[in-house]
There are 2 protein chains.
Amino acid sequence: MSIKNFGIGALSRETGCNIETIRYYERIGLIPEPPRSNGGHRSYSHDHLRLLAFIMRSRALGFSISEIRQLLSLIGNDKTCEQVQSVTVRHLKEINRKIEELTRLRSVLESAADKCAGGIATDCPVIDILYENA
Amino acid sequence: MSIKNFGIGALSRETGCNIETIRYYERIGLIPEPPRSNGGHRSYSHDHLRLLAFIMRSRALGFSISEIRQLLSLIGNDKTCEQVQSVTVRHLKEINRKIEELTRLRSVLESAADKCAGGIATDCPVIDILYENA
DNA sequence: GCTACAATCTGTAGTCGCTACAGGTACAAG
DNA sequence: CTTGTACCTGTAGCGACTACAGATTGTAGC
């Protein structure tokens, strides 16, 4: 499998990326169209596999498709690392923001759920919070 | 404004919920259709406002629309608090899971971004991680 | 009443990132 | 050749919205 090309199913299994997602990525231009067999089947090379694996790892790290486009466009530039860091730091800030928000939400909900401990009361503290005076 | 009805724009301003989102919620049955003026304009009561405020607070706390439907269906039941706690605890578990995941992602990215500190290298640690041997 | 402007209506389509068919063709194994 | 699997294109849908376009209604000022 080092030189030999392979089809979309094999690529899917190698990368963990759904077949339909692969075709979606091709449609939105994130990955290039591969050559086709005489029958019209896609024929992927090792480079395609590396690229898709890159994309899957980036998605796993939470980068959006737009950010991944940016990262891909940076590769090969002299300033790669500096600009990649910029994209990454921005992404990290977003992750921090989300963690803070979720931590805050957790705090509110835990506090309310604890007051539900009895389990029988007609007046429910969670509902009371959600039904704050309006 | 205690007895008087109001239009969708006023409801939007009072609740912070976008006009189009209000119509969307009505369309998906999350909120009831209000009565209309002779000209066809929606006419909302204070109860509508309270309900929508409930929904907006629930959304802010990260409950999905499906979960909000559940919460709304529980209101008025003798076992409200117990079942609300169940929905809430499930939601809390999901929040915990997301926090853990984001914390892990942050760790990976921070580690890689730190190695970018020089900013000039052609070989970029972030890109290297994403382009792990495939 | 008229005019001008803002508010509101319905219907449709799009965002993001997928995911799931339907109906047809290509490919591989026996 | 037959059978079963892989793959194709095109379309539509998911969740939670969001954004028009074109038309009608409502309000304020003259």
# chains A, B, ... in the order shown; residues from 1 in each chain; ligands from 1

call {"tool": "calpha_fit_and_write", "arguments": {"fixed": "chain A", "moving": "chain B", "output": "compact mmCIF listing (two decimals) with N, CA, C and O atoms, in the first residue's frame"}}
result
# COMPACT_ATOMS: atom_id res chain seq x y z
N MET B 1 0.69 -1.40 0.14
CA MET B 1 -0.12 -0.19 0.08
C MET B 1 0.73 1.07 0.07
O MET B 1 0.24 2.17 0.29
N SER B 2 2.06 0.92 -0.16
CA SER B 2 2.94 2.09 -0.13
C SER B 2 2.86 2.86 -1.45
O SER B 2 2.95 4.07 -1.46
N ILE B 3 2.69 2.17 -2.56
CA ILE B 3 2.63 2.83 -3.86
C ILE B 3 1.24 2.73 -4.46
O ILE B 3 0.79 3.60 -5.19
N LYS B 4 0.53 1.71 -4.08
CA LYS B 4 -0.74 1.40 -4.70
C LYS B 4 -1.83 2.38 -4.28
O LYS B 4 -1.90 2.77 -3.12
N ASN B 5 -2.65 2.75 -5.24
CA ASN B 5 -3.77 3.62 -4.91
C ASN B 5 -4.93 2.83 -4.34
O ASN B 5 -4.99 1.62 -4.47
N PHE B 6 -5.88 3.57 -3.73
CA PHE B 6 -6.98 2.87 -3.07
C PHE B 6 -8.25 3.68 -3.19
O PHE B 6 -8.25 4.86 -3.50
N GLY B 7 -9.35 3.03 -2.93
CA GLY B 7 -10.64 3.68 -3.11
C GLY B 7 -11.08 4.44 -1.87
O GLY B 7 -10.40 4.48 -0.82
N ILE B 8 -12.24 4.98 -1.97
CA ILE B 8 -12.74 5.86 -0.92
C ILE B 8 -13.04 5.09 0.37
O ILE B 8 -12.88 5.63 1.47
N GLY B 9 -13.45 3.84 0.24
CA GLY B 9 -13.75 3.05 1.43
C GLY B 9 -12.50 2.77 2.23
O GLY B 9 -12.50 2.84 3.46
N ALA B 10 -11.43 2.45 1.51
CA ALA B 10 -10.15 2.20 2.17
C ALA B 10 -9.66 3.48 2.84
O ALA B 10 -9.19 3.46 3.98
N LEU B 11 -9.75 4.58 2.13
CA LEU B 11 -9.34 5.87 2.70
C LEU B 11 -10.15 6.17 3.96
O LEU B 11 -9.62 6.64 4.97
N SER B 12 -11.43 5.88 3.91
CA SER B 12 -12.29 6.11 5.06
C SER B 12 -11.86 5.29 6.26
O SER B 12 -11.75 5.78 7.38
N ARG B 13 -11.55 4.02 6.00
CA ARG B 13 -11.14 3.15 7.10
C ARG B 13 -9.78 3.57 7.66
O ARG B 13 -9.56 3.54 8.86
N GLU B 14 -8.88 3.98 6.79
CA GLU B 14 -7.55 4.38 7.23
C GLU B 14 -7.55 5.64 8.07
O GLU B 14 -6.74 5.81 8.98
N THR B 15 -8.42 6.55 7.73
CA THR B 15 -8.40 7.87 8.37
C THR B 15 -9.51 8.05 9.41
O THR B 15 -9.49 9.01 10.16
N GLY B 16 -10.47 7.14 9.42
CA GLY B 16 -11.58 7.32 10.33
C GLY B 16 -12.56 8.38 9.87
O GLY B 16 -13.44 8.82 10.62
N CYS B 17 -12.39 8.80 8.63
CA CYS B 17 -13.29 9.84 8.10
C CYS B 17 -14.39 9.19 7.26
O CYS B 17 -14.12 8.42 6.35
N ASN B 18 -15.62 9.48 7.60
CA ASN B 18 -16.79 8.94 6.90
C ASN B 18 -16.71 9.16 5.38
O ASN B 18 -16.27 10.21 4.93
N ILE B 19 -17.11 8.15 4.61
CA ILE B 19 -17.07 8.27 3.15
C ILE B 19 -17.78 9.53 2.67
O ILE B 19 -17.27 10.27 1.82
N GLU B 20 -18.94 9.76 3.24
CA GLU B 20 -19.72 10.90 2.79
C GLU B 20 -19.06 12.22 3.17
O GLU B 20 -19.20 13.22 2.49
N THR B 21 -18.34 12.17 4.28
CA THR B 21 -17.61 13.37 4.70
C THR B 21 -16.44 13.63 3.75
O THR B 21 -16.13 14.78 3.43
N ILE B 22 -15.80 12.57 3.30
CA ILE B 22 -14.71 12.72 2.34
C ILE B 22 -15.22 13.40 1.08
O ILE B 22 -14.63 14.36 0.57
N ARG B 23 -16.39 12.97 0.61
CA ARG B 23 -16.96 13.57 -0.60
C ARG B 23 -17.36 15.02 -0.32
O ARG B 23 -17.23 15.88 -1.18
N TYR B 24 -17.82 15.24 0.90
CA TYR B 24 -18.18 16.61 1.30
C TYR B 24 -16.94 17.50 1.27
O TYR B 24 -16.98 18.62 0.73
N TYR B 25 -15.84 17.02 1.85
CA TYR B 25 -14.61 17.81 1.88
C TYR B 25 -14.13 18.12 0.47
O TYR B 25 -13.59 19.19 0.19
N GLU B 26 -14.32 17.17 -0.42
CA GLU B 26 -13.93 17.39 -1.81
C GLU B 26 -14.83 18.46 -2.44
O GLU B 26 -14.37 19.34 -3.15
N ARG B 27 -16.09 18.36 -2.13
CA ARG B 27 -17.04 19.29 -2.71
C ARG B 27 -16.77 20.74 -2.27
O ARG B 27 -16.91 21.67 -3.06
N ILE B 28 -16.37 20.90 -1.00
CA ILE B 28 -16.10 22.25 -0.51
C ILE B 28 -14.66 22.67 -0.78
O ILE B 28 -14.21 23.71 -0.30
N GLY B 29 -13.92 21.84 -1.49
CA GLY B 29 -12.58 22.21 -1.89
C GLY B 29 -11.52 22.07 -0.83
O GLY B 29 -10.43 22.60 -0.98
N LEU B 30 -11.83 21.38 0.26
CA LEU B 30 -10.83 21.23 1.31
C LEU B 30 -9.76 20.22 0.89
O LEU B 30 -8.59 20.35 1.28
N ILE B 31 -10.16 19.23 0.14
CA ILE B 31 -9.22 18.26 -0.41
C ILE B 31 -9.40 18.24 -1.93
O ILE B 31 -10.49 18.52 -2.43
N PRO B 32 -8.32 17.94 -2.64
CA PRO B 32 -8.44 17.96 -4.10
C PRO B 32 -9.19 16.75 -4.62
O PRO B 32 -9.22 15.70 -3.98
N GLU B 33 -9.80 16.90 -5.77
CA GLU B 33 -10.41 15.76 -6.45
C GLU B 33 -9.32 14.79 -6.86
O GLU B 33 -8.31 15.19 -7.43
N PRO B 34 -9.50 13.51 -6.57
CA PRO B 34 -8.51 12.54 -7.00
C PRO B 34 -8.77 12.10 -8.44
O PRO B 34 -9.86 12.34 -8.97
N PRO B 35 -7.79 11.46 -9.04
CA PRO B 35 -8.07 10.86 -10.34
C PRO B 35 -9.11 9.74 -10.19
O PRO B 35 -9.37 9.27 -9.08
N ARG B 36 -9.68 9.33 -11.33
CA ARG B 36 -10.74 8.33 -11.31
C ARG B 36 -10.32 7.11 -12.12
O ARG B 36 -9.55 7.20 -13.05
N SER B 37 -10.91 5.94 -11.76
CA SER B 37 -10.77 4.75 -12.59
C SER B 37 -11.61 4.96 -13.85
O SER B 37 -12.39 5.89 -13.94
N ASN B 38 -11.45 4.02 -14.80
CA ASN B 38 -12.27 4.12 -16.02
C ASN B 38 -13.76 4.05 -15.70
O ASN B 38 -14.59 4.59 -16.42
N GLY B 39 -14.07 3.42 -14.60
CA GLY B 39 -15.46 3.30 -14.20
C GLY B 39 -15.95 4.48 -13.39
O GLY B 39 -17.10 4.53 -12.98
N GLY B 40 -15.04 5.43 -13.11
CA GLY B 40 -15.47 6.61 -12.37
C GLY B 40 -15.21 6.55 -10.87
O GLY B 40 -15.57 7.46 -10.14
N HIS B 41 -14.53 5.49 -10.41
CA HIS B 41 -14.25 5.42 -8.98
C HIS B 41 -13.03 6.27 -8.63
O HIS B 41 -12.04 6.30 -9.36
N ARG B 42 -13.10 6.93 -7.47
CA ARG B 42 -11.99 7.74 -7.01
C ARG B 42 -10.78 6.87 -6.67
O ARG B 42 -10.94 5.77 -6.12
N SER B 43 -9.60 7.37 -6.99
CA SER B 43 -8.38 6.62 -6.76
C SER B 43 -7.41 7.49 -5.97
O SER B 43 -6.84 8.45 -6.49
N TYR B 44 -7.25 7.14 -4.68
CA TYR B 44 -6.48 8.01 -3.79
C TYR B 44 -5.05 7.53 -3.63
O TYR B 44 -4.77 6.34 -3.58
N SER B 45 -4.14 8.49 -3.50
CA SER B 45 -2.74 8.18 -3.27
C SER B 45 -2.41 8.36 -1.79
O SER B 45 -3.24 8.82 -1.00
N HIS B 46 -1.19 8.04 -1.46
CA HIS B 46 -0.71 8.17 -0.09
C HIS B 46 -0.75 9.64 0.35
O HIS B 46 -1.03 9.95 1.51
N ASP B 47 -0.47 10.53 -0.58
CA ASP B 47 -0.52 11.96 -0.24
C ASP B 47 -1.92 12.40 0.15
O ASP B 47 -2.10 13.20 1.08
N HIS B 48 -2.92 11.90 -0.57
CA HIS B 48 -4.30 12.19 -0.18
C HIS B 48 -4.55 11.72 1.24
O HIS B 48 -5.17 12.41 2.06
N LEU B 49 -4.03 10.54 1.54
CA LEU B 49 -4.26 9.97 2.85
C LEU B 49 -3.63 10.84 3.94
O LEU B 49 -4.23 11.10 4.98
N ARG B 50 -2.40 11.29 3.68
CA ARG B 50 -1.72 12.15 4.65
C ARG B 50 -2.48 13.45 4.87
O ARG B 50 -2.63 13.93 5.99
N LEU B 51 -2.98 14.00 3.78
CA LEU B 51 -3.71 15.26 3.87
C LEU B 51 -5.00 15.07 4.68
O LEU B 51 -5.32 15.86 5.58
N LEU B 52 -5.72 14.02 4.37
CA LEU B 52 -6.98 13.79 5.09
C LEU B 52 -6.72 13.48 6.56
O LEU B 52 -7.48 13.91 7.44
N ALA B 53 -5.65 12.77 6.84
CA ALA B 53 -5.31 12.49 8.24
C ALA B 53 -5.00 13.80 8.98
O ALA B 53 -5.41 14.00 10.13
N PHE B 54 -4.30 14.70 8.29
CA PHE B 54 -4.04 16.04 8.84
C PHE B 54 -5.35 16.72 9.22
O PHE B 54 -5.53 17.25 10.33
N ILE B 55 -6.26 16.69 8.28
CA ILE B 55 -7.55 17.34 8.50
C ILE B 55 -8.30 16.70 9.66
O ILE B 55 -8.87 17.41 10.51
N MET B 56 -8.29 15.39 9.72
CA MET B 56 -9.01 14.72 10.81
C MET B 56 -8.40 15.04 12.17
O MET B 56 -9.13 15.24 13.15
N ARG B 57 -7.07 15.12 12.22
CA ARG B 57 -6.44 15.47 13.51
C ARG B 57 -6.78 16.90 13.89
O ARG B 57 -7.02 17.21 15.05
N SER B 58 -6.78 17.77 12.89
CA SER B 58 -7.13 19.16 13.16
C SER B 58 -8.57 19.28 13.66
O SER B 58 -8.86 20.04 14.59
N ARG B 59 -9.46 18.54 13.04
CA ARG B 59 -10.86 18.57 13.48
C ARG B 59 -10.96 18.05 14.92
O ARG B 59 -11.69 18.59 15.74
N ALA B 60 -10.21 16.99 15.17
CA ALA B 60 -10.24 16.41 16.52
C ALA B 60 -9.76 17.43 17.55
O ALA B 60 -10.21 17.41 18.70
N LEU B 61 -8.87 18.30 17.14
CA LEU B 61 -8.37 19.33 18.04
C LEU B 61 -9.29 20.55 18.06
O LEU B 61 -8.98 21.57 18.67
N GLY B 62 -10.38 20.46 17.33
CA GLY B 62 -11.38 21.51 17.41
C GLY B 62 -11.22 22.64 16.43
O GLY B 62 -11.99 23.60 16.46
N PHE B 63 -10.21 22.55 15.54
CA PHE B 63 -10.08 23.59 14.52
C PHE B 63 -11.28 23.51 13.58
O PHE B 63 -11.69 22.44 13.17
N SER B 64 -11.79 24.68 13.22
CA SER B 64 -12.90 24.72 12.24
C SER B 64 -12.34 24.48 10.84
O SER B 64 -11.12 24.53 10.62
N ILE B 65 -13.21 24.23 9.92
CA ILE B 65 -12.78 24.01 8.54
C ILE B 65 -12.04 25.23 8.01
O ILE B 65 -11.03 25.13 7.32
N SER B 66 -12.54 26.39 8.37
CA SER B 66 -11.90 27.63 7.92
C SER B 66 -10.48 27.73 8.45
O SER B 66 -9.55 28.11 7.74
N GLU B 67 -10.31 27.38 9.73
CA GLU B 67 -8.98 27.42 10.33
C GLU B 67 -8.05 26.40 9.67
O GLU B 67 -6.87 26.66 9.47
N ILE B 68 -8.62 25.25 9.34
CA ILE B 68 -7.81 24.22 8.69
C ILE B 68 -7.34 24.70 7.32
O ILE B 68 -6.21 24.46 6.91
N ARG B 69 -8.23 25.38 6.62
CA ARG B 69 -7.81 25.96 5.34
C ARG B 69 -6.62 26.89 5.54
O ARG B 69 -5.67 26.86 4.76
N GLN B 70 -6.70 27.69 6.58
CA GLN B 70 -5.58 28.60 6.87
C GLN B 70 -4.30 27.84 7.12
O GLN B 70 -3.24 28.16 6.57
N LEU B 71 -4.39 26.84 7.99
CA LEU B 71 -3.21 26.05 8.32
C LEU B 71 -2.60 25.43 7.06
O LEU B 71 -1.38 25.47 6.85
N LEU B 72 -3.47 24.89 6.22
CA LEU B 72 -2.98 24.24 5.00
C LEU B 72 -2.31 25.24 4.06
O LEU B 72 -1.32 24.93 3.40
N SER B 73 -2.84 26.44 4.03
CA SER B 73 -2.25 27.44 3.13
C SER B 73 -0.90 27.93 3.65
O SER B 73 -0.11 28.50 2.90
N LEU B 74 -0.65 27.70 4.94
CA LEU B 74 0.61 28.18 5.53
C LEU B 74 1.76 27.21 5.30
O LEU B 74 2.92 27.59 5.38
N ILE B 75 1.41 25.99 5.04
CA ILE B 75 2.47 24.98 4.94
C ILE B 75 3.38 25.25 3.74
O ILE B 75 2.92 25.47 2.65
N GLY B 76 4.66 25.21 4.02
CA GLY B 76 5.63 25.43 2.97
C GLY B 76 6.18 26.85 2.97
O GLY B 76 7.16 27.14 2.31
N ASN B 77 5.54 27.73 3.73
CA ASN B 77 6.04 29.10 3.81
C ASN B 77 7.20 29.22 4.80
O ASN B 77 7.26 28.48 5.76
N ASP B 78 8.04 30.19 4.55
CA ASP B 78 9.18 30.39 5.45
C ASP B 78 8.70 30.74 6.85
O ASP B 78 9.35 30.44 7.83
N LYS B 79 7.57 31.44 6.90
CA LYS B 79 7.09 31.90 8.21
C LYS B 79 6.04 30.94 8.79
O LYS B 79 5.22 31.34 9.60
N THR B 80 6.11 29.74 8.37
CA THR B 80 5.08 28.79 8.79
C THR B 80 4.82 28.79 10.27
O THR B 80 3.70 28.92 10.73
N CYS B 81 5.89 28.64 11.03
CA CYS B 81 5.70 28.40 12.46
C CYS B 81 5.07 29.61 13.16
O CYS B 81 4.18 29.47 13.98
N GLU B 82 5.49 30.77 12.75
CA GLU B 82 4.97 31.98 13.38
C GLU B 82 3.47 32.14 13.11
O GLU B 82 2.70 32.46 14.00
N GLN B 83 3.11 31.90 11.86
CA GLN B 83 1.70 32.09 11.53
C GLN B 83 0.82 30.96 12.04
O GLN B 83 -0.33 31.18 12.40
N VAL B 84 1.37 29.77 12.06
CA VAL B 84 0.64 28.65 12.63
C VAL B 84 0.40 28.90 14.11
O VAL B 84 -0.68 28.65 14.64
N GLN B 85 1.41 29.45 14.76
CA GLN B 85 1.25 29.77 16.18
C GLN B 85 0.11 30.77 16.37
O GLN B 85 -0.68 30.67 17.31
N SER B 86 0.02 31.71 15.46
CA SER B 86 -1.03 32.70 15.55
C SER B 86 -2.41 32.06 15.48
O SER B 86 -3.31 32.36 16.28
N VAL B 87 -2.60 31.18 14.50
CA VAL B 87 -3.87 30.46 14.37
C VAL B 87 -4.12 29.62 15.62
O VAL B 87 -5.24 29.60 16.17
N THR B 88 -3.08 28.99 16.10
CA THR B 88 -3.22 28.09 17.25
C THR B 88 -3.56 28.86 18.51
O THR B 88 -4.41 28.45 19.30
N VAL B 89 -2.89 29.99 18.71
CA VAL B 89 -3.14 30.79 19.91
C VAL B 89 -4.57 31.33 19.91
O VAL B 89 -5.25 31.34 20.93
N ARG B 90 -5.04 31.73 18.73
CA ARG B 90 -6.42 32.20 18.62
C ARG B 90 -7.38 31.06 18.99
O ARG B 90 -8.36 31.27 19.71
N HIS B 91 -7.06 29.90 18.51
CA HIS B 91 -7.89 28.73 18.79
C HIS B 91 -7.84 28.39 20.28
O HIS B 91 -8.86 28.07 20.89
N LEU B 92 -6.67 28.51 20.86
CA LEU B 92 -6.53 28.26 22.30
C LEU B 92 -7.36 29.23 23.11
O LEU B 92 -7.98 28.86 24.11
N LYS B 93 -7.39 30.47 22.69
CA LYS B 93 -8.19 31.45 23.40
C LYS B 93 -9.67 31.07 23.36
O LYS B 93 -10.41 31.23 24.35
N GLU B 94 -10.10 30.59 22.22
CA GLU B 94 -11.49 30.17 22.08
C GLU B 94 -11.78 28.98 22.99
O GLU B 94 -12.83 28.90 23.64
N ILE B 95 -10.85 28.05 23.05
CA ILE B 95 -11.02 26.89 23.93
C ILE B 95 -11.11 27.36 25.38
O ILE B 95 -11.97 26.90 26.15
N ASN B 96 -10.25 28.28 25.78
CA ASN B 96 -10.30 28.82 27.14
C ASN B 96 -11.64 29.47 27.43
O ASN B 96 -12.21 29.28 28.51
N ARG B 97 -12.13 30.20 26.46
CA ARG B 97 -13.42 30.87 26.64
C ARG B 97 -14.54 29.85 26.85
O ARG B 97 -15.39 30.00 27.72
N LYS B 98 -14.50 28.80 26.04
CA LYS B 98 -15.53 27.76 26.17
C LYS B 98 -15.44 27.05 27.51
O LYS B 98 -16.46 26.72 28.12
N ILE B 99 -14.21 26.78 27.95
CA ILE B 99 -14.05 26.10 29.24
C ILE B 99 -14.61 26.96 30.36
O ILE B 99 -15.34 26.48 31.24
N GLU B 100 -14.30 28.25 30.31
CA GLU B 100 -14.82 29.15 31.35
C GLU B 100 -16.34 29.18 31.36
O GLU B 100 -16.98 29.13 32.40
N GLU B 101 -16.90 29.25 30.15
CA GLU B 101 -18.35 29.31 30.06
C GLU B 101 -18.98 28.03 30.61
O GLU B 101 -19.95 28.08 31.38
N LEU B 102 -18.44 26.90 30.20
CA LEU B 102 -18.99 25.63 30.65
C LEU B 102 -18.85 25.48 32.16
O LEU B 102 -19.73 24.94 32.83
N THR B 103 -17.73 25.97 32.69
CA THR B 103 -17.51 25.88 34.14
C THR B 103 -18.55 26.70 34.88
O THR B 103 -19.09 26.28 35.91
N ARG B 104 -18.84 27.86 34.34
CA ARG B 104 -19.86 28.72 34.95
C ARG B 104 -21.24 28.04 34.91
O ARG B 104 -21.96 27.98 35.91
N LEU B 105 -21.59 27.51 33.75
CA LEU B 105 -22.88 26.83 33.61
C LEU B 105 -22.98 25.67 34.58
O LEU B 105 -24.01 25.45 35.23
N ARG B 106 -21.87 24.94 34.70
CA ARG B 106 -21.86 23.79 35.60
C ARG B 106 -22.15 24.22 37.02
O ARG B 106 -22.93 23.58 37.74
N SER B 107 -21.54 25.33 37.40
CA SER B 107 -21.73 25.82 38.74
C SER B 107 -23.19 26.14 39.03
O SER B 107 -23.75 25.75 40.06
N VAL B 108 -23.81 26.81 38.09
CA VAL B 108 -25.23 27.17 38.26
C VAL B 108 -26.09 25.91 38.38
O VAL B 108 -26.95 25.80 39.26
N LEU B 109 -25.86 24.99 37.49
CA LEU B 109 -26.70 23.79 37.46
C LEU B 109 -26.46 22.88 38.66
O LEU B 109 -27.39 22.29 39.20
N GLU B 110 -25.22 22.78 39.06
CA GLU B 110 -24.92 21.94 40.24
C GLU B 110 -25.63 22.48 41.47
O GLU B 110 -26.20 21.73 42.27
N SER B 111 -25.53 23.79 41.61
CA SER B 111 -26.17 24.43 42.74
C SER B 111 -27.66 24.14 42.77
O SER B 111 -28.23 23.79 43.81
N ALA B 112 -28.28 24.26 41.62
CA ALA B 112 -29.73 24.03 41.55
C ALA B 112 -30.06 22.55 41.73
O ALA B 112 -31.01 22.19 42.43
N ALA B 113 -29.29 21.69 41.12
CA ALA B 113 -29.57 20.26 41.20
C ALA B 113 -29.40 19.74 42.62
O ALA B 113 -30.12 18.83 43.05
N ASP B 114 -28.47 20.32 43.36
CA ASP B 114 -28.28 19.90 44.74
C ASP B 114 -29.53 20.14 45.56
O ASP B 114 -29.87 19.38 46.45
N LYS B 115 -30.20 21.23 45.25
CA LYS B 115 -31.42 21.54 45.98
C LYS B 115 -32.56 20.60 45.60
O LYS B 115 -33.61 20.60 46.22
N CYS B 116 -32.37 19.83 44.56
CA CYS B 116 -33.37 18.84 44.16
C CYS B 116 -33.20 17.54 44.93
O CYS B 116 -33.95 16.60 44.72
N ALA B 117 -32.26 17.49 45.81
CA ALA B 117 -31.87 16.20 46.39
C ALA B 117 -33.03 15.44 47.01
O ALA B 117 -33.06 14.22 46.99
N GLY B 118 -34.03 16.17 47.51
CA GLY B 118 -35.18 15.48 48.08
C GLY B 118 -35.93 14.71 47.03
O GLY B 118 -36.37 13.59 47.25
N GLY B 119 -36.08 15.34 45.88
CA GLY B 119 -36.66 14.63 44.75
C GLY B 119 -38.16 14.61 44.67
O GLY B 119 -38.71 14.09 43.73
N ILE B 120 -38.86 15.13 45.67
CA ILE B 120 -40.31 14.98 45.69
C ILE B 120 -41.04 16.32 45.63
O ILE B 120 -42.20 16.39 45.25
N ALA B 121 -40.32 17.35 45.95
CA ALA B 121 -41.01 18.62 46.11
C ALA B 121 -41.70 19.06 44.81
O ALA B 121 -41.17 18.88 43.72
N THR B 122 -42.87 19.65 44.96
CA THR B 122 -43.59 20.16 43.80
C THR B 122 -42.90 21.40 43.26
O THR B 122 -42.92 21.66 42.06
N ASP B 123 -42.32 22.19 44.16
CA ASP B 123 -41.58 23.35 43.71
C ASP B 123 -40.13 22.94 43.49
O ASP B 123 -39.46 22.52 44.42
N CYS B 124 -39.70 23.05 42.27
CA CYS B 124 -38.39 22.57 41.88
C CYS B 124 -37.42 23.73 41.70
O CYS B 124 -37.71 24.66 40.94
N PRO B 125 -36.28 23.68 42.35
CA PRO B 125 -35.32 24.79 42.26
C PRO B 125 -34.80 25.03 40.84
O PRO B 125 -34.52 26.16 40.47
N VAL B 126 -34.63 23.97 40.09
CA VAL B 126 -34.17 24.16 38.70
C VAL B 126 -35.23 24.92 37.91
O VAL B 126 -34.93 25.90 37.22
N ILE B 127 -36.45 24.46 38.04
CA ILE B 127 -37.54 25.14 37.32
C ILE B 127 -37.70 26.57 37.81
O ILE B 127 -37.96 27.49 37.04
N ASP B 128 -37.50 26.76 39.13
CA ASP B 128 -37.61 28.12 39.67
C ASP B 128 -36.57 29.05 39.05
O ASP B 128 -36.86 30.19 38.71
N ILE B 129 -35.36 28.54 38.92
CA ILE B 129 -34.30 29.35 38.30
C ILE B 129 -34.67 29.70 36.86
O ILE B 129 -34.52 30.83 36.41
N LEU B 130 -35.18 28.69 36.15
CA LEU B 130 -35.51 28.93 34.75
C LEU B 130 -36.74 29.82 34.61
O LEU B 130 -36.90 30.52 33.62
N TYR B 131 -37.60 29.76 35.61
CA TYR B 131 -38.81 30.57 35.57
C TYR B 131 -38.68 31.79 36.46
O TYR B 131 -39.66 32.25 37.04
N GLU B 132 -37.45 32.31 36.59
CA GLU B 132 -37.25 33.56 37.32
C GLU B 132 -38.31 34.58 36.93
O GLU B 132 -38.76 34.60 35.80
N ASN B 133 -38.60 35.44 37.90
CA ASN B 133 -39.63 36.45 37.63
C ASN B 133 -39.48 37.13 36.28
O ASN B 133 -38.46 37.73 36.00
N ALA B 134 -40.49 37.05 35.51
CA ALA B 134 -40.49 37.71 34.20
C ALA B 134 -41.69 38.62 34.09
O ALA B 134 -42.54 38.65 34.96

call {"tool": "closest_atom_pairs", "arguments": {"of": "chain D", "to": "chain B", "cutoff": "12 Å", "atoms": "only C-alpha atoms (C1' of nucleotides)", "output": "tab-separated table"}}
result
residue	atom	partner	partner_atom	distance
D:DG15	C1'	B:Ile65	CA	8.8
D:DA16	C1'	B:Ile65	CA	8.4
D:DC17	C1'	B:Thr21	CA	6.8
D:DT18	C1'	B:Glu20	CA	7.5
D:DA19	C1'	B:Glu20	CA	9.1
D:DC20	C1'	B:Glu20	CA	11.4
D:DT24	C1'	B:Gly39	CA	8.3
D:DT25	C1'	B:Gly39	CA	5.9
D:DG26	C1'	B:Gly39	CA	8.8

call {"tool": "closest_atom_pairs", "arguments": {"of": "chain C", "to": "chain A", "cutoff": "9 Å", "atoms": "only C-alpha atoms (C1' of nucleotides)", "output": "JSON lines"}}
result
{"residue": "C:DG17", "atom": "C1'", "partner": "A:Ile65", "partner_atom": "CA", "distance": 8.4}
{"residue": "C:DC18", "atom": "C1'", "partner": "A:Thr21", "partner_atom": "CA", "distance": 6.8}
{"residue": "C:DT19", "atom": "C1'", "partner": "A:Glu20", "partner_atom": "CA", "distance": 7.5}
{"residue": "C:DT25", "atom": "C1'", "partner": "A:Gly39", "partner_atom": "CA", "distance": 8.3}
{"residue": "C:DA26", "atom": "C1'", "partner": "A:Gly39", "partner_atom": "CA", "distance": 5.8}
{"residue": "C:DC27", "atom": "C1'", "partner": "A:Gly39", "partner_atom": "CA", "distance": 8.8}

call {"tool": "write_last_selection", "arguments": {"atoms": "C-alpha atoms (C1' of nucleotides)", "output": "short mmCIF file (atom, residue, chain, number, x, y, z; two decimals), in the first residue's frame"}}
result
data_model
loop_
_atom_site.label_atom_id
_atom_site.label_comp_id
_atom_site.auth_asym_id
_atom_site.auth_seq_id
_atom_site.Cartn_x
_atom_site.Cartn_y
_atom_site.Cartn_z
"C1'" DG C 17 -20.38 20.21 9.60
"C1'" DC C 18 -21.86 16.74 8.64
"C1'" DT C 19 -25.13 12.35 7.61
"C1'" DT C 25 -23.13 1.59 -12.23
"C1'" DA C 26 -18.59 -0.55 -11.44
"C1'" DC C 27 -15.79 -4.06 -9.44
#

call {"tool": "atom_distance", "arguments": {"atom1": "C1' of DA6 in chain C", "atom2": "C1' of DG22 in chain D"}}
result
16.1 Å
